>>> print(open('run_26.cif').read())   # mmCIF, C-alpha atoms
data_run
loop_
_atom_site.label_atom_id
_atom_site.label_comp_id
_atom_site.auth_asym_id
_atom_site.auth_seq_id
_atom_site.Cartn_x
_atom_site.Cartn_y
_atom_site.Cartn_z
CA MET A 729 11.56 2.68 14.55
CA ALA A 730 15.30 2.24 14.60
CA ASP A 731 17.43 5.32 14.03
CA SER A 732 17.52 5.33 10.24
CA ALA A 733 20.67 7.43 10.23
CA ALA A 734 22.53 4.55 11.86
CA ILE A 735 21.42 1.87 9.38
CA ASP A 736 23.59 0.94 6.42
CA PHE A 737 21.20 0.89 3.46
CA THR A 738 23.83 0.16 0.82
CA VAL A 739 23.35 -2.99 -1.23
CA ARG A 740 26.63 -4.82 -1.84
CA PRO A 741 26.44 -7.06 -4.91
CA ILE A 742 27.51 -10.66 -4.26
CA GLY A 743 27.86 -11.54 -7.94
CA ARG A 744 26.33 -11.05 -11.35
CA VAL A 745 24.18 -12.84 -13.93
CA GLU A 746 25.92 -14.22 -17.02
CA SER A 747 23.28 -14.63 -19.72
CA PRO A 748 22.84 -14.54 -23.50
CA LEU A 749 20.23 -11.79 -22.89
CA THR A 750 21.98 -8.47 -23.40
CA SER A 751 19.09 -6.01 -23.64
CA THR A 752 15.99 -5.48 -21.53
CA ALA A 753 14.05 -5.10 -24.79
CA ASP A 754 14.78 -8.77 -25.59
CA ALA A 755 14.16 -10.10 -22.09
CA PRO A 756 10.97 -12.08 -21.40
CA ARG A 757 8.65 -10.62 -18.75
CA GLN A 758 9.12 -13.53 -16.37
CA GLY A 759 11.62 -16.39 -16.04
CA ASP A 760 9.00 -19.02 -16.91
CA GLU A 761 8.14 -17.29 -20.20
CA GLY A 762 11.00 -18.57 -22.33
CA ALA A 763 14.01 -17.06 -20.53
CA PRO A 764 17.32 -18.77 -21.33
CA GLU A 765 19.48 -20.74 -18.92
CA ALA A 766 22.10 -18.59 -17.27
CA TYR A 767 25.03 -18.64 -14.87
CA LEU A 768 25.17 -16.92 -11.52
CA ILE A 769 28.78 -15.87 -11.03
CA LEU A 770 29.19 -15.34 -7.31
CA ASP A 771 32.08 -13.48 -5.75
CA PRO A 772 34.55 -16.05 -4.32
CA VAL A 773 34.47 -14.15 -0.99
CA VAL A 774 30.87 -15.30 -0.41
CA GLN A 775 31.39 -18.89 -1.59
CA ALA A 776 31.02 -20.31 1.95
CA GLY A 777 27.45 -18.99 1.84
CA LEU A 778 26.61 -21.51 -0.89
CA ASN A 779 27.23 -24.59 1.30
CA GLY A 780 24.07 -26.64 1.46
CA LEU A 781 22.82 -25.73 -2.00
CA ALA A 782 22.59 -28.72 -4.37
CA VAL A 783 21.83 -29.46 -7.99
CA GLY A 784 18.06 -29.75 -8.37
CA ASP A 785 17.26 -27.22 -5.64
CA GLU A 786 14.87 -24.37 -6.39
CA ILE A 787 16.06 -21.00 -5.16
CA ILE A 788 14.96 -17.37 -5.25
CA VAL A 789 17.55 -15.06 -6.77
CA LEU A 790 17.28 -11.41 -5.73
CA SER A 791 18.91 -9.06 -8.22
CA TRP A 792 19.37 -5.31 -8.53
CA LEU A 793 17.76 -4.23 -11.81
CA HIS A 794 20.31 -1.54 -12.49
CA GLU A 795 18.62 -0.20 -15.64
CA ALA A 796 15.30 0.48 -13.89
CA ASP A 797 13.82 3.95 -13.39
CA ARG A 798 13.49 4.43 -9.65
CA SER A 799 11.08 7.37 -9.90
CA THR A 800 8.32 5.26 -11.53
CA LEU A 801 5.21 4.68 -9.39
CA THR A 802 2.62 3.65 -12.03
CA VAL A 803 2.92 1.53 -15.17
CA ARG A 804 0.82 -0.16 -17.81
CA PRO A 805 1.25 -3.86 -16.92
CA ARG A 806 3.43 -5.78 -19.37
CA GLY A 807 3.82 -2.60 -21.43
CA ASP A 808 0.31 -3.11 -22.85
CA LEU A 809 -1.08 0.33 -23.76
CA SER A 810 -4.63 -1.07 -23.79
CA ARG A 811 -4.43 -1.78 -20.06
CA PRO A 812 -4.99 0.96 -17.47
CA GLU A 813 -2.14 2.31 -15.39
CA GLN A 814 -1.49 0.44 -12.17
CA GLY A 815 0.69 1.10 -9.16
CA VAL A 816 4.09 -0.56 -9.48
CA PHE A 817 3.59 -2.47 -6.22
CA SER A 818 0.69 -4.38 -7.82
CA THR A 819 2.95 -5.42 -10.73
CA ARG A 820 6.34 -7.05 -11.29
CA ALA A 821 7.54 -4.13 -13.44
CA PRO A 822 11.31 -3.60 -13.00
CA SER A 823 10.96 0.17 -12.60
CA ARG A 824 10.07 0.93 -8.96
CA PRO A 825 11.64 2.81 -6.03
CA ASN A 826 13.92 -0.10 -5.11
CA PRO A 827 14.56 -2.14 -8.27
CA ILE A 828 14.97 -5.54 -6.65
CA GLY A 829 14.29 -8.39 -9.07
CA MET A 830 12.94 -11.70 -7.77
CA HIS A 831 13.65 -14.77 -9.89
CA ARG A 832 12.69 -18.37 -9.05
CA VAL A 833 15.17 -20.76 -10.69
CA ARG A 834 16.35 -24.36 -10.43
CA ILE A 835 20.04 -25.13 -9.92
CA LEU A 836 21.30 -27.19 -12.88
CA GLY A 837 24.97 -27.29 -11.93
CA ILE A 838 27.45 -26.01 -9.34
CA ASP A 839 31.11 -25.34 -10.08
CA GLY A 840 32.65 -23.53 -7.11
CA PRO A 841 31.14 -20.03 -6.97
CA ARG A 842 29.47 -20.51 -10.38
CA LEU A 843 25.86 -21.76 -10.46
CA HIS A 844 24.22 -22.93 -13.69
CA VAL A 845 20.49 -22.20 -13.43
CA SER A 846 17.23 -22.51 -15.36
CA GLY A 847 15.58 -19.54 -17.05
CA VAL A 848 16.25 -16.06 -15.66
CA GLU A 849 14.79 -12.99 -17.35
CA ALA A 850 17.57 -10.70 -16.04
CA ILE A 851 20.09 -9.44 -18.59
CA ASP A 852 23.80 -10.19 -18.71
CA GLY A 853 25.68 -8.29 -16.02
CA THR A 854 22.71 -7.79 -13.67
CA PRO A 855 24.05 -7.56 -10.10
CA ILE A 856 22.96 -10.35 -7.74
CA VAL A 857 22.22 -9.31 -4.16
CA ASP A 858 20.87 -12.44 -2.43
CA LEU A 859 19.93 -16.10 -2.85
CA LYS A 860 17.28 -17.82 -0.73
CA PRO A 861 15.91 -21.36 -0.72
CA VAL A 862 12.29 -21.89 -1.74
CA LEU A 863 10.58 -22.86 1.51
CA GLY A 864 9.03 -26.30 1.67
CA ARG A 865 6.10 -27.21 3.85
CA ILE A 866 6.48 -26.35 7.55
CA GLU A 867 7.15 -30.02 8.40
CA GLU A 868 10.17 -30.10 6.09
CA ARG A 869 12.05 -27.14 7.57
CA MET B 916 28.72 -5.80 -16.79
CA ALA B 917 27.46 -2.27 -16.33
CA ASP B 918 29.84 0.24 -14.83
CA SER B 919 29.24 -0.44 -11.13
CA ALA B 920 30.52 2.98 -10.18
CA ALA B 921 27.58 4.54 -12.03
CA ILE B 922 24.89 2.42 -10.35
CA ASP B 923 23.03 3.73 -7.31
CA PHE B 924 23.05 0.81 -4.86
CA THR B 925 21.33 2.68 -2.02
CA VAL B 926 18.07 1.20 -0.76
CA ARG B 927 15.47 3.88 0.00
CA PRO B 928 12.86 2.64 2.49
CA ILE B 929 9.27 3.11 1.29
CA GLY B 930 7.75 2.54 4.73
CA ARG B 931 8.00 0.47 7.87
CA VAL B 932 6.36 -2.44 9.64
CA GLU B 933 4.13 -1.67 12.63
CA SER B 934 3.89 -4.84 14.70
CA PRO B 935 3.45 -5.99 18.30
CA LEU B 936 6.78 -7.87 17.84
CA THR B 937 9.48 -5.69 19.31
CA SER B 938 12.46 -8.02 19.56
CA THR B 939 14.01 -10.48 17.11
CA ALA B 940 14.30 -12.92 20.02
CA ASP B 941 10.48 -13.09 20.16
CA ALA B 942 9.90 -13.25 16.40
CA PRO B 943 8.83 -16.54 14.83
CA ARG B 944 11.17 -17.96 12.19
CA GLN B 945 8.65 -17.58 9.38
CA GLY B 946 5.43 -15.66 8.90
CA ASP B 947 3.34 -18.83 8.77
CA GLU B 948 4.64 -19.99 12.14
CA GLY B 949 2.43 -17.91 14.40
CA ALA B 950 3.49 -14.38 13.46
CA PRO B 951 0.97 -11.68 14.45
CA GLU B 952 -1.01 -9.50 12.09
CA ALA B 953 0.74 -6.22 11.35
CA TYR B 954 0.43 -2.92 9.52
CA LEU B 955 2.60 -1.78 6.64
CA ILE B 956 2.89 1.99 7.00
CA LEU B 957 3.91 3.24 3.56
CA ASP B 958 5.30 6.69 2.91
CA PRO B 959 2.51 8.86 1.41
CA VAL B 960 4.90 9.83 -1.43
CA VAL B 961 4.70 6.26 -2.83
CA GLN B 962 0.94 5.85 -2.33
CA ALA B 963 0.23 5.94 -6.09
CA GLY B 964 2.28 2.74 -6.32
CA LEU B 965 -0.40 0.89 -4.32
CA ASN B 966 -3.12 1.35 -6.95
CA GLY B 967 -4.37 -2.06 -8.05
CA LEU B 968 -3.79 -3.79 -4.72
CA ALA B 969 -6.98 -5.05 -3.09
CA VAL B 970 -8.11 -6.65 0.13
CA GLY B 971 -7.62 -10.40 -0.19
CA ASP B 972 -4.55 -10.14 -2.42
CA GLU B 973 -1.42 -12.04 -1.51
CA ILE B 974 1.76 -10.01 -1.80
CA ILE B 975 5.48 -10.41 -1.16
CA VAL B 976 6.88 -7.79 1.19
CA LEU B 977 10.61 -7.14 0.88
CA SER B 978 12.10 -5.64 4.03
CA TRP B 979 15.55 -4.55 5.16
CA LEU B 980 16.39 -6.56 8.27
CA HIS B 981 18.30 -3.75 9.90
CA GLU B 982 19.46 -5.74 12.94
CA ALA B 983 21.13 -8.45 10.85
CA ASP B 984 24.87 -9.12 10.82
CA ARG B 985 26.03 -8.58 7.24
CA SER B 986 29.34 -10.39 7.69
CA THR B 987 27.68 -13.77 8.39
CA LEU B 988 28.16 -16.44 5.69
CA THR B 989 27.35 -19.65 7.62
CA VAL B 990 24.72 -20.40 10.25
CA ARG B 991 23.12 -23.29 12.10
CA PRO B 992 19.63 -23.39 10.59
CA ARG B 993 16.90 -22.16 12.92
CA GLY B 994 19.54 -21.61 15.62
CA ASP B 995 19.59 -25.35 16.31
CA LEU B 996 23.07 -26.23 17.64
CA SER B 997 22.51 -29.91 16.79
CA ARG B 998 22.39 -29.08 13.07
CA PRO B 999 25.58 -28.59 11.05
CA GLU B 1000 26.57 -25.15 9.78
CA GLN B 1001 25.15 -24.24 6.39
CA GLY B 1002 25.79 -21.42 3.98
CA VAL B 1003 23.37 -18.52 4.54
CA PHE B 1004 22.18 -18.71 0.92
CA SER B 1005 20.74 -22.18 1.60
CA THR B 1006 18.76 -20.80 4.57
CA ARG B 1007 16.34 -17.96 5.35
CA ALA B 1008 18.53 -16.69 8.21
CA PRO B 1009 18.27 -12.89 8.51
CA SER B 1010 22.03 -12.42 8.84
CA ARG B 1011 23.55 -12.40 5.32
CA PRO B 1012 25.48 -9.94 3.13
CA ASN B 1013 22.31 -8.10 2.02
CA PRO B 1014 19.70 -8.51 4.78
CA ILE B 1015 16.61 -8.44 2.58
CA GLY B 1016 13.65 -10.13 4.23
CA MET B 1017 10.98 -11.78 2.08
CA HIS B 1018 7.51 -12.12 3.62
CA ARG B 1019 4.41 -13.55 1.93
CA VAL B 1020 1.28 -11.96 3.42
CA ARG B 1021 -2.40 -11.44 2.64
CA ILE B 1022 -3.88 -7.94 2.60
CA LEU B 1023 -6.63 -7.73 5.24
CA GLY B 1024 -7.40 -4.02 4.89
CA ILE B 1025 -6.28 -0.89 3.07
CA ASP B 1026 -6.59 2.62 4.53
CA GLY B 1027 -4.70 5.04 2.27
CA PRO B 1028 -0.99 4.28 2.60
CA ARG B 1029 -1.63 1.90 5.52
CA LEU B 1030 -2.03 -1.81 4.76
CA HIS B 1031 -3.31 -4.27 7.36
CA VAL B 1032 -1.73 -7.67 6.65
CA SER B 1033 -1.62 -11.24 7.92
CA GLY B 1034 1.34 -12.61 9.88
CA VAL B 1035 4.73 -11.04 9.34
CA GLU B 1036 7.73 -12.20 11.38
CA ALA B 1037 9.53 -8.84 11.02
CA ILE B 1038 9.78 -6.69 14.15
CA ASP B 1039 8.19 -3.29 14.73
CA GLY B 1040 10.04 -0.58 12.81
CA THR B 1041 11.57 -2.84 10.17
CA PRO B 1042 12.07 -0.79 6.99
CA ILE B 1043 10.02 -1.90 3.96
CA VAL B 1044 11.77 -1.68 0.60
CA ASP B 1045 9.35 -3.22 -1.93
CA LEU B 1046 5.97 -4.90 -2.41
CA LYS B 1047 5.26 -7.35 -5.25
CA PRO B 1048 2.17 -9.34 -6.20
CA VAL B 1049 2.30 -13.12 -5.91
CA LEU B 1050 2.28 -14.30 -9.52
CA GLY B 1051 -0.65 -16.40 -10.63
CA ARG B 1052 -0.51 -18.94 -13.40
CA ILE B 1053 0.85 -17.67 -16.72
CA GLU B 1054 -2.67 -17.48 -18.20
CA GLU B 1055 -3.80 -15.06 -15.48
CA ARG B 1056 -1.11 -12.42 -15.99
#
>>> encode(input="run_26.cif", output="structure tokens")
Amino acid sequence: MADSAAIDFTVRPIGRVESPLTSTADAPRQGDEGAPEAYLILDPVVQAGLNGLAVGDEIIVLSWLHEADRSTLTVRPRGDLSRPEQGVFSTRAPSRPNPIGMHRVRILGIDGPRLHVSGVEAIDGTPIVDLKPVLGRIEER
Amino acid sequence: MADSAAIDFTVRPIGRVESPLTSTADAPRQGDEGAPEAYLILDPVVQAGLNGLAVGDEIIVLSWLHEADRSTLTVRPRGDLSRPEQGVFSTRAPSRPNPIGMHRVRILGIDGPRLHVSGVEAIDGTPIVDLKPVLGRIEER
């Protein structure tokens, strides 16, 4: 393994989510469960990284769920007290050692470093750490 | 936006990849392009987080691609010099501001905190930062 001491493990936000959702209590569990449209406000210094993205594209947004509890290892899925506790790595619960959120969205509009996207369950102000294209079939890469 | 100064943006590795791939030059571009089977060696302190994962499950492994260049914003996709430069966020290139790798794998075996998985294109020693289940249809959640 590489010398961990030499690796920079600090996440540097590249932007933030702008959304009508302001509280995790109001947020749907997943983006396809009624989450509102939102804007991804990217830092102008990373704008060159957006070249090649187009309206209609599906992308994966990685966020940093800053309100999560990083000491949590087991949860009741979807907050349902009738369900048994499960390990966080078998769920999409936000609380986990590294609270990285993964959101699949469609780009509805692009205005410079500002992307209008379909439903995201992250709340207003959530830091964005990465964007990745959804991979097509091998032949399309 | 939350007070960024108060947020802990440090990624804490939860384990590492054990793989016969030892150099990024040898690694396939994607896990479904001939990557070898590998082991995910999780830290015993997070083992409770694995409860609920089973052999046969498909999961998303998030890694920290520690050899990536974090200042890169544009690349030629798949290293092909005949293709025009694109923004990193429209590609899966490892070099990007936050070098989080996303790998979809199937669990082939579980032995305590050691998961045997199908093809991963990450090299031996790559830090693992999160595991998430692949989401089924809404009705199955």
>>> residues_near_point(input="run_26.cif", point="(-5.0, -1.5, 4.4)", cutoff="12 Å", atoms="all atoms listed in the file", output="ChimeraX atom specification")
/B:952-957,962,965-966,968-972,1021-1033
>>> atom_distance(input="run_26.cif", atom1="CA of Thr989 (chain B)", atom2="CA of Ala776 (chain A)")
6.8 Å
>>> atom_distance(input="run_26.cif", atom1="CA of Asn1013 (chain B)", atom2="CA of Pro772 (chain A)")
15.9 Å
>>> closest_atom_pairs(input="run_26.cif", of="chain A", to="chain B", cutoff="9 Å", atoms="all atoms listed in the file", output="JSON lines")
{"residue": "A:Met729", "atom": "CA", "partner": "B:Gly1040", "partner_atom": "CA", "distance": 4.0}
{"residue": "A:Ala730", "atom": "CA", "partner": "B:Gly1040", "partner_atom": "CA", "distance": 6.2}
{"residue": "A:Ser732", "atom": "CA", "partner": "B:Pro1042", "partner_atom": "CA", "distance": 8.8}
{"residue": "A:Ile735", "atom": "CA", "partner": "B:His981", "partner_atom": "CA", "distance": 6.4}
{"residue": "A:Asp736", "atom": "CA", "partner": "B:His981", "partner_atom": "CA", "distance": 7.9}
{"residue": "A:Phe737", "atom": "CA", "partner": "B:Val926", "partner_atom": "CA", "distance": 5.3}
{"residue": "A:Thr738", "atom": "CA", "partner": "B:Thr925", "partner_atom": "CA", "distance": 4.5}
{"residue": "A:Val739", "atom": "CA", "partner": "B:Phe924", "partner_atom": "CA", "distance": 5.3}
{"residue": "A:Arg740", "atom": "CA", "partner": "B:Asn1013", "partner_atom": "CA", "distance": 6.7}
{"residue": "A:Pro741", "atom": "CA", "partner": "B:Asn1013", "partner_atom": "CA", "distance": 8.1}
{"residue": "A:Ile742", "atom": "CA", "partner": "B:Pro1012", "partner_atom": "CA", "distance": 7.7}
{"residue": "A:Arg744", "atom": "CA", "partner": "B:Met916", "partner_atom": "CA", "distance": 7.9}
{"residue": "A:Val745", "atom": "CA", "partner": "B:Met916", "partner_atom": "CA", "distance": 8.9}
{"residue": "A:Glu746", "atom": "CA", "partner": "B:Met916", "partner_atom": "CA", "distance": 8.9}
{"residue": "A:Asp760", "atom": "CA", "partner": "B:Ile1053", "partner_atom": "CA", "distance": 8.3}
{"residue": "A:Glu761", "atom": "CA", "partner": "B:Ile1053", "partner_atom": "CA", "distance": 8.1}
{"residue": "A:Val774", "atom": "CA", "partner": "B:Leu988", "partner_atom": "CA", "distance": 6.8}
{"residue": "A:Gln775", "atom": "CA", "partner": "B:Gly1002", "partner_atom": "CA", "distance": 8.3}
{"residue": "A:Ala776", "atom": "CA", "partner": "B:Gly1002", "partner_atom": "CA", "distance": 5.7}
{"residue": "A:Gly777", "atom": "CA", "partner": "B:Gly1002", "partner_atom": "CA", "distance": 3.6}
{"residue": "A:Leu778", "atom": "CA", "partner": "B:Gly1002", "partner_atom": "CA", "distance": 4.9}
{"residue": "A:Asn779", "atom": "CA", "partner": "B:Gly1002", "partner_atom": "CA", "distance": 4.4}
{"residue": "A:Gly780", "atom": "CA", "partner": "B:Ser1005", "partner_atom": "CA", "distance": 5.6}
{"residue": "A:Leu781", "atom": "CA", "partner": "B:Ser1005", "partner_atom": "CA", "distance": 5.5}
{"residue": "A:Ile787", "atom": "CA", "partner": "B:Ser1005", "partner_atom": "CA", "distance": 8.3}
{"residue": "A:Leu790", "atom": "CA", "partner": "B:Ile1015", "partner_atom": "CA", "distance": 8.9}
{"residue": "A:Trp792", "atom": "CA", "partner": "B:Phe924", "partner_atom": "CA", "distance": 8.0}
{"residue": "A:His794", "atom": "CA", "partner": "B:Ile922", "partner_atom": "CA", "distance": 6.4}
{"residue": "A:Glu795", "atom": "CA", "partner": "B:Ile922", "partner_atom": "CA", "distance": 8.6}
{"residue": "A:Thr800", "atom": "CA", "partner": "B:Gly964", "partner_atom": "CA", "distance": 8.4}
{"residue": "A:Leu801", "atom": "CA", "partner": "B:Gly964", "partner_atom": "CA", "distance": 4.7}
{"residue": "A:Thr802", "atom": "CA", "partner": "B:Gly964", "partner_atom": "CA", "distance": 5.8}
{"residue": "A:Val803", "atom": "CA", "partner": "B:Gly964", "partner_atom": "CA", "distance": 9.0}
{"residue": "A:Pro805", "atom": "CA", "partner": "B:Arg1056", "partner_atom": "CA", "distance": 8.9}
{"residue": "A:Arg806", "atom": "CA", "partner": "B:Arg1056", "partner_atom": "CA", "distance": 8.7}
{"residue": "A:Glu813", "atom": "CA", "partner": "B:Asn966", "partner_atom": "CA", "distance": 8.6}
{"residue": "A:Gln814", "atom": "CA", "partner": "B:Asn966", "partner_atom": "CA", "distance": 5.5}
{"residue": "A:Gly815", "atom": "CA", "partner": "B:Gly964", "partner_atom": "CA", "distance": 3.6}
{"residue": "A:Val816", "atom": "CA", "partner": "B:Gly964", "partner_atom": "CA", "distance": 4.9}
{"residue": "A:Phe817", "atom": "CA", "partner": "B:Leu1046", "partner_atom": "CA", "distance": 5.1}
{"residue": "A:Ser818", "atom": "CA", "partner": "B:Pro1048", "partner_atom": "CA", "distance": 5.4}
{"residue": "A:Thr819", "atom": "CA", "partner": "B:Pro1048", "partner_atom": "CA", "distance": 6.0}
{"residue": "A:Arg820", "atom": "CA", "partner": "B:Lys1047", "partner_atom": "CA", "distance": 6.1}
{"residue": "A:Arg824", "atom": "CA", "partner": "B:Asp1045", "partner_atom": "CA", "distance": 8.2}
{"residue": "A:Pro825", "atom": "CA", "partner": "B:Arg927", "partner_atom": "CA", "distance": 7.2}
{"residue": "A:Asn826", "atom": "CA", "partner": "B:Val926", "partner_atom": "CA", "distance": 6.2}
{"residue": "A:Pro827", "atom": "CA", "partner": "B:Asp1045", "partner_atom": "CA", "distance": 8.3}
{"residue": "A:Ile828", "atom": "CA", "partner": "B:Asp1045", "partner_atom": "CA", "distance": 7.7}
{"residue": "A:Asp852", "atom": "CA", "partner": "B:Met916", "partner_atom": "CA", "distance": 6.9}
{"residue": "A:Gly853", "atom": "CA", "partner": "B:Met916", "partner_atom": "CA", "distance": 4.0}
{"residue": "A:Thr854", "atom": "CA", "partner": "B:Met916", "partner_atom": "CA", "distance": 7.1}
{"residue": "A:Pro855", "atom": "CA", "partner": "B:Met916", "partner_atom": "CA", "distance": 8.3}
{"residue": "A:Val857", "atom": "CA", "partner": "B:Asn1013", "partner_atom": "CA", "distance": 6.3}
{"residue": "A:Asp858", "atom": "CA", "partner": "B:Asn1013", "partner_atom": "CA", "distance": 6.4}
{"residue": "A:Leu859", "atom": "CA", "partner": "B:Phe1004", "partner_atom": "CA", "distance": 5.1}
{"residue": "A:Lys860", "atom": "CA", "partner": "B:Phe1004", "partner_atom": "CA", "distance": 5.2}
{"residue": "A:Pro861", "atom": "CA", "partner": "B:Ser1005", "partner_atom": "CA", "distance": 5.4}
{"residue": "A:Leu863", "atom": "CA", "partner": "B:Arg1007", "partner_atom": "CA", "distance": 8.5}
{"residue": "A:Ile866", "atom": "CA", "partner": "B:Glu948", "partner_atom": "CA", "distance": 8.1}
{"residue": "A:Arg869", "atom": "CA", "partner": "B:Arg993", "partner_atom": "CA", "distance": 8.8}
>>> atom_distance(input="run_26.cif", atom1="CA of Asp771 (chain A)", atom2="CA of Gly847 (chain A)")
20.9 Å
>>> axis_aligned_box(input="run_26.cif", around="region 945-954 of chain B", padding_each_side="8 Å", output="JSON")
{"center_x": 3.8, "center_y": -11.5, "center_z": 11.6, "size_x": 25.7, "size_y": 33.1, "size_z": 21.7}
>>> closest_residue(input="run_26.cif", among="B:His1018, B:Ser1010, B:Gly946, B:Leu936", to="Gly994 (chain B)", atoms="all atoms listed in the file")
B:Ser1010
